[in-house]
Amino acid sequence: MNQLNVRLAALCAMALLFGSVAHSQTPGPLSVPADSPRWALQGQAQVVDYQGRKCLMLDGGAAILNDFQMRDGVIDVDVATPASRGFFGIQFRLTSDGADAEWVYLRQHKSGLPDAMQYTPVLNTGLNWQIYNGPGFTGAVDIPKDVWFHVRLEVEGAHAKLYVKDLDKPALVMEDLKSGVQKGQVALAVLIGATYFSNFEVRITPDAAWERHQPPIPAGTLTKWSLSPSYDALERNLERPLTPSESAGIQWQDVEAEPPGFVAINRYRDSPHPKVSFANDFSKRLEPQPGMKVVYARTSIHSDRDQLKKLSIGYSDDVSVFLNGRILFRGRSAQNFRDPAFLGIVSPENDAVYLALKKGSNELMLAVSELGGGWGFICRLTDAEK
């Protein structure tokens with residue numbers, strides 16, 4: 001073999017090697033039948049025949065794909081649901097302990113409405129749909145009843161797209177995935193409402209660049225905070241400020257608000273899961289809620305003079321506002337609390353408190369309690385109108 005032939009043979013061998021490596025990095029589609037032993041079924045989950053198909057039926061349950069991890073990829077599945085009310089969808093980048101994940105789901109009872117579908121990160125087992133809401137998180141879509149339709153989820157880096165029926169145009173574009181988990185398991189999940197899944201297929205795609213598209217932080221947003229451990233909210237008098245000795249005895253954790261200014265407490269503390277008595281009975285909204293947790297959050301505001309400032313505040317679900325050791329405000333913005341249809345979406349326009357700042361350093365402290373839907377707050381400081 002002459003020298004030229006040797007070089008050609010080496011180049012061909014290298015091409016075959018790199019082709020093999022590329023093929024191993026992007027395997028073909030994985031089809032998983034409903035009765036495959038690869039599904040780990042949890043809760044109300046079983047394999048059934050429905051409308052001529054063998055499928056998974058979930059109703060307050062989940063099906064987790066065993067021995068599979070995904071960073072970027074495409075998930076395809078057919079769905080049918082006869083339920084009038086429900087929450088069903090796809091969890092992805094799910095951690096092995098189930099504490100953190102990304103979740104995109106549809107709501108039959110919201111079909112056609114602006115929040116018929118929603119993306120939420122799962123943080124320390126807590127859903128955070130009250131904090132992450134609006135463009136990039138919620139959207140309108142018509143959800144067919146009791147007929148098979150197709151759902152596709154495309155995940156690329158810090159972004160994802162959900163397609164419902166129409167595979168040419170995404171129904172929901174998620175520009176900034178929030179959990180921080182970059183690789184994990186995949187699951188089908190249903191909170192309530194019998195839903196059927198068939199023709200499940202997943203395909204790994206090459207890793208895309210991790211580019212986050214975050215909103216700006218408006219001027220006046222308070223971003224530097226310290227958090228206490230979590231406490232049983234019913235064991236504390238939340239209208240009483242912490243004493244200096246109590247505050248000194250706390251091991252505070254410094255955190256920074258994320259754009260556009262949210263402090264998502266569920267990132268740092270396990271989410272409580274109390275059974276809220278007024279969720280289905282508005283008359284019970286003033287009852288104590290066993291299992292509710294509270295975290296204290298403090299920050300320092302420097303003022304160059306004595307002045308009055310407006311504090312716009314959004315929170316989930318309860319808050320007490322203290323300034324320099326005195327309570328100024330106590331409020332609740334929990335789902336179903338202000339009226340039976342109230343969702344408790346967190347926005348700095350939820351409430352406003354006026355702060356009489358003294359010249360120098362001022363301590364602002366919040367006691368933020370959680371019942372469900374997202375534990376967090378956002379604060380913006382502006383000049384008070386004269």
# chains A, B, ... in the order shown; residues from 1 in each chain; ligands from 1

call {"tool": "residues_around", "arguments": {"residues": "A:Ile64", "least_positions_apart": "6", "cutoff": "6 Å", "atoms": "only C-alpha atoms", "output": "ChimeraX atom specification"}}
result
/A:39-40,187

call {"tool": "closest_atom_pairs", "arguments": {"of": "stretch 75-111 of chain A", "to": "stretch 45-57 of chain A", "cutoff": "12 Å", "atoms": "only C-alpha atoms", "output": "CSV"}}
result
residue,atom,partner,partner_atom,distance
A:Val77,CA,A:Cys55,CA,10.6
A:Asp78,CA,A:Cys55,CA,9.4
A:Val79,CA,A:Cys55,CA,9.4
A:Ala80,CA,A:Tyr50,CA,9.0
A:Thr81,CA,A:Met57,CA,9.4
A:Pro82,CA,A:Tyr50,CA,10.8
A:Ala83,CA,A:Met57,CA,11.9
A:Phe88,CA,A:Met57,CA,11.1

call {"tool": "write_last_selection", "arguments": {"atoms": "N, CA and C atoms", "output": "tab-separated table (two decimals), in the first residue's frame"}}
result
chain	number	residue	atom	x	y	z
A	77	VAL	N	-46.36	12.51	22.19
A	77	VAL	CA	-47.33	11.62	22.82
A	77	VAL	C	-48.74	12.00	22.38
A	78	ASP	N	-49.60	10.99	22.23
A	78	ASP	CA	-51.02	11.23	21.97
A	78	ASP	C	-51.77	11.25	23.30
A	79	VAL	N	-52.76	12.13	23.39
A	79	VAL	CA	-53.51	12.32	24.64
A	79	VAL	C	-55.00	12.31	24.33
A	80	ALA	N	-55.77	11.74	25.25
A	80	ALA	CA	-57.23	11.84	25.21
A	80	ALA	C	-57.73	11.96	26.64
A	81	THR	N	-58.70	12.85	26.87
A	81	THR	CA	-59.23	13.01	28.21
A	81	THR	C	-60.73	13.29	28.17
A	82	PRO	N	-61.52	12.47	28.87
A	82	PRO	CA	-62.96	12.73	28.96
A	82	PRO	C	-63.30	13.66	30.12
A	83	ALA	N	-62.30	13.99	30.96
A	83	ALA	CA	-62.56	14.77	32.17
A	83	ALA	C	-62.95	16.20	31.84
A	88	PHE	N	-53.00	17.96	33.33
A	88	PHE	CA	-52.20	16.86	32.79
A	88	PHE	C	-51.07	17.40	31.94

call {"tool": "residues_around", "arguments": {"residues": "A:Val346", "least_positions_apart": "2", "cutoff": "12 Å", "atoms": "only C-alpha atoms", "output": "ChimeraX atom specification"}}
result
/A:128-134,260-264,312-318,332-335,342-344,348-351,373-379

call {"tool": "write_last_selection", "arguments": {"atoms": "N, CA and C atoms", "output": "short mmCIF file (atom, residue, chain, number, x, y, z; two decimals), in the first residue's frame"}}
result
data_model
loop_
_atom_site.label_atom_id
_atom_site.label_comp_id
_atom_site.auth_asym_id
_atom_site.auth_seq_id
_atom_site.Cartn_x
_atom_site.Cartn_y
_atom_site.Cartn_z
N ASN A 128 -44.68 26.40 41.33
CA ASN A 128 -44.49 27.85 41.48
C ASN A 128 -45.26 28.64 40.44
N TRP A 129 -46.46 28.18 40.12
CA TRP A 129 -47.25 28.83 39.08
C TRP A 129 -47.76 30.20 39.50
N GLN A 130 -47.84 30.48 40.80
CA GLN A 130 -48.27 31.82 41.23
C GLN A 130 -47.17 32.86 41.01
N ILE A 131 -45.92 32.42 41.02
CA ILE A 131 -44.80 33.34 40.83
C ILE A 131 -44.49 33.51 39.35
N TYR A 132 -44.40 32.39 38.64
CA TYR A 132 -44.05 32.42 37.22
C TYR A 132 -45.33 32.31 36.40
N ASN A 133 -45.76 33.45 35.89
CA ASN A 133 -47.06 33.54 35.24
C ASN A 133 -46.99 34.57 34.12
N GLY A 134 -47.88 34.44 33.15
CA GLY A 134 -47.92 35.40 32.05
C GLY A 134 -47.12 34.91 30.85
N PRO A 260 -37.69 39.40 37.20
CA PRO A 260 -37.67 40.86 37.34
C PRO A 260 -37.66 41.35 38.79
N GLY A 261 -37.28 40.49 39.74
CA GLY A 261 -37.20 40.90 41.13
C GLY A 261 -37.76 39.91 42.12
N PHE A 262 -38.11 38.70 41.67
CA PHE A 262 -38.69 37.71 42.57
C PHE A 262 -37.63 37.08 43.46
N VAL A 263 -38.01 36.86 44.71
CA VAL A 263 -37.27 35.95 45.58
C VAL A 263 -38.14 34.70 45.71
N ALA A 264 -37.72 33.63 45.03
CA ALA A 264 -38.47 32.38 45.07
C ALA A 264 -37.96 31.57 46.26
N SER A 312 -44.20 48.79 46.81
CA SER A 312 -45.13 47.91 46.09
C SER A 312 -44.68 46.49 46.34
N ILE A 313 -45.62 45.63 46.74
CA ILE A 313 -45.23 44.30 47.18
C ILE A 313 -46.19 43.23 46.67
N GLY A 314 -45.63 42.18 46.13
CA GLY A 314 -46.38 40.98 45.78
C GLY A 314 -45.83 39.83 46.58
N TYR A 315 -46.68 38.86 46.92
CA TYR A 315 -46.24 37.81 47.82
C TYR A 315 -47.18 36.61 47.73
N SER A 316 -46.66 35.48 48.14
CA SER A 316 -47.44 34.26 48.25
C SER A 316 -46.94 33.52 49.50
N ASP A 317 -47.85 33.28 50.49
CA ASP A 317 -49.28 33.59 50.41
C ASP A 317 -49.68 34.65 51.45
N ASP A 318 -48.98 34.70 52.59
CA ASP A 318 -49.23 35.71 53.62
C ASP A 318 -47.97 36.55 53.80
N ARG A 332 -52.99 38.76 53.23
CA ARG A 332 -53.02 37.40 52.68
C ARG A 332 -53.43 37.49 51.21
N SER A 333 -52.67 36.81 50.35
CA SER A 333 -52.95 36.82 48.92
C SER A 333 -52.98 35.38 48.39
N ALA A 334 -53.52 34.48 49.19
CA ALA A 334 -53.55 33.06 48.84
C ALA A 334 -54.64 32.78 47.82
N GLN A 335 -54.45 31.70 47.06
CA GLN A 335 -55.47 31.25 46.12
C GLN A 335 -56.79 31.01 46.87
N PHE A 342 -60.13 33.71 43.11
CA PHE A 342 -58.85 34.42 43.19
C PHE A 342 -57.71 33.43 43.07
N LEU A 343 -56.73 33.71 42.19
CA LEU A 343 -55.64 32.78 41.93
C LEU A 343 -54.39 33.03 42.78
N GLY A 344 -54.24 34.23 43.28
CA GLY A 344 -53.06 34.53 44.10
C GLY A 344 -51.79 34.72 43.29
N PRO A 348 -45.97 42.83 41.88
CA PRO A 348 -45.71 43.96 42.78
C PRO A 348 -46.92 44.87 42.92
N GLU A 349 -47.91 44.68 42.06
CA GLU A 349 -49.13 45.48 42.18
C GLU A 349 -50.15 44.86 43.13
N ASN A 350 -49.81 43.75 43.79
CA ASN A 350 -50.74 43.12 44.73
C ASN A 350 -51.18 44.10 45.82
N ASP A 351 -50.19 44.72 46.47
CA ASP A 351 -50.47 45.63 47.58
C ASP A 351 -49.42 46.72 47.64
N GLY A 373 -48.68 26.80 45.74
CA GLY A 373 -48.69 27.54 44.48
C GLY A 373 -47.46 28.36 44.20
N GLY A 374 -46.53 28.39 45.15
CA GLY A 374 -45.31 29.17 44.93
C GLY A 374 -45.02 30.06 46.12
N TRP A 375 -43.87 29.88 46.73
CA TRP A 375 -43.50 30.61 47.95
C TRP A 375 -42.51 31.68 47.56
N GLY A 376 -42.90 32.94 47.67
CA GLY A 376 -41.98 33.99 47.29
C GLY A 376 -42.57 35.37 47.42
N PHE A 377 -41.78 36.37 46.98
CA PHE A 377 -42.21 37.76 47.08
C PHE A 377 -41.42 38.61 46.11
N ILE A 378 -41.89 39.83 45.89
CA ILE A 378 -41.21 40.83 45.08
C ILE A 378 -41.51 42.20 45.68
N CYS A 379 -40.50 43.06 45.78
CA CYS A 379 -40.67 44.40 46.38
C CYS A 379 -40.01 45.46 45.50
#

call {"tool": "residues_around", "arguments": {"residues": "A:Asp281", "least_positions_apart": "3", "cutoff": "10 Å", "atoms": "only C-alpha atoms", "output": "list in words"}}
result
Val276, Ser277, Phe278, Lys284, Arg285, Asn336, Phe337 and Pro340 of chain A

call {"tool": "residues_around", "arguments": {"residues": "A:Thr125", "least_positions_apart": "5", "cutoff": "9 Å", "atoms": "only C-alpha atoms", "output": "ChimeraX atom specification"}}
result
/A:98-101,266,270-273

call {"tool": "write_last_selection", "arguments": {"atoms": "N, CA and C atoms", "output": "short mmCIF file (atom, residue, chain, number, x, y, z; two decimals), in the first residue's frame"}}
result
data_model
loop_
_atom_site.label_atom_id
_atom_site.label_comp_id
_atom_site.auth_asym_id
_atom_site.auth_seq_id
_atom_site.Cartn_x
_atom_site.Cartn_y
_atom_site.Cartn_z
N GLY A 98 -37.19 13.58 42.85
CA GLY A 98 -38.47 14.20 42.53
C GLY A 98 -38.68 15.58 43.09
N ALA A 99 -37.65 16.18 43.68
CA ALA A 99 -37.81 17.48 44.34
C ALA A 99 -37.82 18.64 43.36
N ASP A 100 -37.11 18.50 42.23
CA ASP A 100 -37.00 19.60 41.27
C ASP A 100 -37.26 19.07 39.87
N ALA A 101 -37.87 19.93 39.05
CA ALA A 101 -38.19 19.52 37.67
C ALA A 101 -38.72 20.72 36.92
N ASN A 266 -38.96 28.93 47.56
CA ASN A 266 -38.88 27.49 47.33
C ASN A 266 -37.52 27.05 46.78
N ASP A 270 -37.68 23.84 51.71
CA ASP A 270 -38.65 22.83 51.31
C ASP A 270 -40.05 23.42 51.31
N SER A 271 -40.82 23.06 50.30
CA SER A 271 -42.17 23.59 50.18
C SER A 271 -43.13 22.84 51.11
N PRO A 272 -43.97 23.55 51.87
CA PRO A 272 -45.01 22.88 52.65
C PRO A 272 -46.15 22.44 51.74
N HIS A 273 -46.92 21.46 52.20
CA HIS A 273 -48.05 20.97 51.42
C HIS A 273 -49.27 20.77 52.33
#

call {"tool": "residues_around", "arguments": {"residues": "A:Phe200", "least_positions_apart": "3", "cutoff": "6 Å", "atoms": "only C-alpha atoms", "output": "NGL selection string"}}
result
:A and (31-32 or 76-77)

call {"tool": "write_last_selection", "arguments": {"atoms": "N, CA and C atoms", "output": "PDB file, in the first residue's frame"}}
result
ATOM      1  N   SER A  31     -39.319   4.587  21.292  1.00  0.00           N
ATOM      2  CA  SER A  31     -40.763   4.397  21.446  1.00  0.00           C
ATOM      3  C   SER A  31     -41.004   3.486  22.647  1.00  0.00           C
ATOM      4  N   VAL A  32     -41.883   3.913  23.558  1.00  0.00           N
ATOM      5  CA  VAL A  32     -42.138   3.153  24.778  1.00  0.00           C
ATOM      6  C   VAL A  32     -43.622   2.821  24.852  1.00  0.00           C
ATOM      7  N   ASP A  76     -42.895  13.191  22.067  1.00  0.00           N
ATOM      8  CA  ASP A  76     -44.168  13.122  21.358  1.00  0.00           C
ATOM      9  C   ASP A  76     -45.089  12.151  22.073  1.00  0.00           C
ATOM     10  N   VAL A  77     -46.364  12.513  22.193  1.00  0.00           N
ATOM     11  CA  VAL A  77     -47.334  11.620  22.822  1.00  0.00           C
ATOM     12  C   VAL A  77     -48.738  12.005  22.377  1.00  0.00           C
TER      13      VAL A  77
END

call {"tool": "atom_distance", "arguments": {"atom1": "atom CA of A:Arg212", "atom2": "atom CA of A:Ala158"}}
result
5.9 Å

call {"tool": "select_by_dssp", "arguments": {"residues": "stretch 93-329 of chain A", "states": "strand (DSSP E)", "output": "tab-separated table (two decimals) with C-alpha atoms, in the first residue's frame"}}
result
chain	number	residue	atom	x	y	z
A	93	ARG	CA	-35.41	17.20	33.75
A	94	LEU	CA	-36.88	15.59	36.84
A	101	ALA	CA	-38.19	19.52	37.67
A	102	GLU	CA	-39.74	21.43	34.81
A	103	TRP	CA	-43.44	20.83	34.22
A	104	VAL	CA	-45.73	21.94	31.41
A	105	TYR	CA	-49.40	21.03	31.68
A	106	LEU	CA	-52.86	21.66	30.24
A	117	MET	CA	-51.74	25.70	29.59
A	118	GLN	CA	-48.92	26.56	31.93
A	119	TYR	CA	-45.23	25.98	32.47
A	120	THR	CA	-43.93	25.97	36.03
A	121	PRO	CA	-40.66	24.94	37.61
A	122	VAL	CA	-40.89	22.48	40.50
A	123	LEU	CA	-38.58	23.70	43.28
A	126	GLY	CA	-43.26	23.05	45.29
A	127	LEU	CA	-45.12	24.16	42.17
A	138	THR	CA	-49.19	30.62	30.39
A	139	GLY	CA	-51.18	30.62	27.17
A	149	PHE	CA	-54.80	14.60	19.87
A	150	HIS	CA	-51.05	14.99	19.63
A	151	VAL	CA	-48.72	16.87	21.98
A	152	ARG	CA	-45.05	17.58	21.29
A	153	LEU	CA	-42.46	19.11	23.61
A	154	GLU	CA	-39.15	20.37	22.24
A	155	VAL	CA	-36.43	21.15	24.79
A	156	GLU	CA	-33.29	23.07	23.80
A	159	HIS	CA	-35.75	27.03	26.26
A	160	ALA	CA	-38.68	24.78	25.37
A	161	LYS	CA	-41.67	24.77	23.01
A	162	LEU	CA	-44.99	23.01	23.46
A	163	TYR	CA	-47.08	22.03	20.44
A	164	VAL	CA	-50.74	21.04	20.85
A	172	LEU	CA	-46.41	27.90	24.23
A	173	VAL	CA	-42.83	29.16	23.96
A	174	MET	CA	-40.82	28.96	27.18
A	185	GLN	CA	-35.85	12.05	34.01
A	186	VAL	CA	-39.01	12.33	31.94
A	187	ALA	CA	-42.53	11.63	33.22
A	188	LEU	CA	-46.18	11.88	32.27
A	189	ALA	CA	-48.19	13.32	35.15
A	190	VAL	CA	-51.82	14.10	36.01
A	195	THR	CA	-56.27	11.28	31.09
A	196	TYR	CA	-54.99	8.67	28.61
A	197	PHE	CA	-51.58	8.59	26.90
A	198	SER	CA	-50.45	6.49	23.93
A	199	ASN	CA	-47.77	6.41	21.21
A	200	PHE	CA	-45.10	7.84	23.50
A	201	GLU	CA	-41.79	8.58	21.83
A	202	VAL	CA	-38.73	10.52	22.92
A	203	ARG	CA	-35.69	11.52	20.90
A	204	ILE	CA	-32.45	12.94	22.30
A	224	LYS	CA	-30.46	41.94	48.29
A	225	TRP	CA	-32.13	39.84	50.97
A	226	SER	CA	-31.33	37.47	53.82
A	227	LEU	CA	-33.61	34.54	54.64
A	228	SER	CA	-34.24	32.78	57.94
A	229	PRO	CA	-34.90	29.06	58.30
A	230	SER	CA	-38.55	28.06	57.91
A	231	TYR	CA	-40.82	27.79	60.95
A	232	ASP	CA	-44.30	26.51	61.73
A	253	GLN	CA	-28.84	33.08	54.33
A	254	ASP	CA	-27.98	35.82	51.85
A	255	VAL	CA	-29.88	35.58	48.55
A	256	GLU	CA	-30.40	37.79	45.52
A	263	VAL	CA	-37.27	35.95	45.58
A	264	ALA	CA	-38.47	32.38	45.07
A	293	LYS	CA	-44.72	27.57	57.04
A	294	VAL	CA	-43.13	31.00	57.45
A	295	VAL	CA	-39.74	32.46	56.53
A	296	TYR	CA	-38.43	35.85	57.60
A	297	ALA	CA	-36.70	37.95	54.95
A	298	ARG	CA	-34.74	41.10	55.75
A	299	THR	CA	-32.95	43.81	53.83
A	300	SER	CA	-31.42	47.20	54.56
A	301	ILE	CA	-32.61	50.45	52.95
A	302	HIS	CA	-30.28	53.44	53.12
A	303	SER	CA	-31.95	56.85	53.00
A	307	GLN	CA	-38.68	60.66	53.70
A	308	LEU	CA	-41.77	58.70	52.71
A	309	LYS	CA	-41.41	55.91	50.14
A	310	LYS	CA	-43.98	53.65	48.50
A	311	LEU	CA	-43.29	49.92	48.76
A	312	SER	CA	-45.13	47.91	46.09
A	313	ILE	CA	-45.23	44.30	47.18
A	314	GLY	CA	-46.38	40.98	45.78
A	315	TYR	CA	-46.24	37.81	47.82
A	316	SER	CA	-47.44	34.26	48.25
A	318	ASP	CA	-49.23	35.71	53.62
A	319	VAL	CA	-46.99	38.60	54.58
A	320	SER	CA	-46.23	40.81	57.55
A	321	VAL	CA	-44.20	43.95	56.81
A	322	PHE	CA	-41.98	45.39	59.56
A	323	LEU	CA	-39.89	48.56	59.36
A	326	ARG	CA	-42.55	48.00	63.97
A	327	ILE	CA	-45.31	46.27	62.03
A	328	LEU	CA	-46.84	48.26	59.17
A	329	PHE	CA	-48.95	45.74	57.26

call {"tool": "closest_residue", "arguments": {"among": "A:Asn124, A:Ser96, A:Gln182, A:Gln69", "to": "A:Ile265", "atoms": "only C-alpha atoms"}}
result
A:Asn124

call {"tool": "select_by_dssp", "arguments": {"residues": "stretch 165-290 of chain A", "states": "alpha helix (DSSP H)", "output": "PyMOL selection string"}}
result
chain A and resi 244-248

call {"tool": "atom_distance", "arguments": {"atom1": "atom CA of A:Gly220", "atom2": "atom CA of A:Tyr268"}}
result
23.9 Å
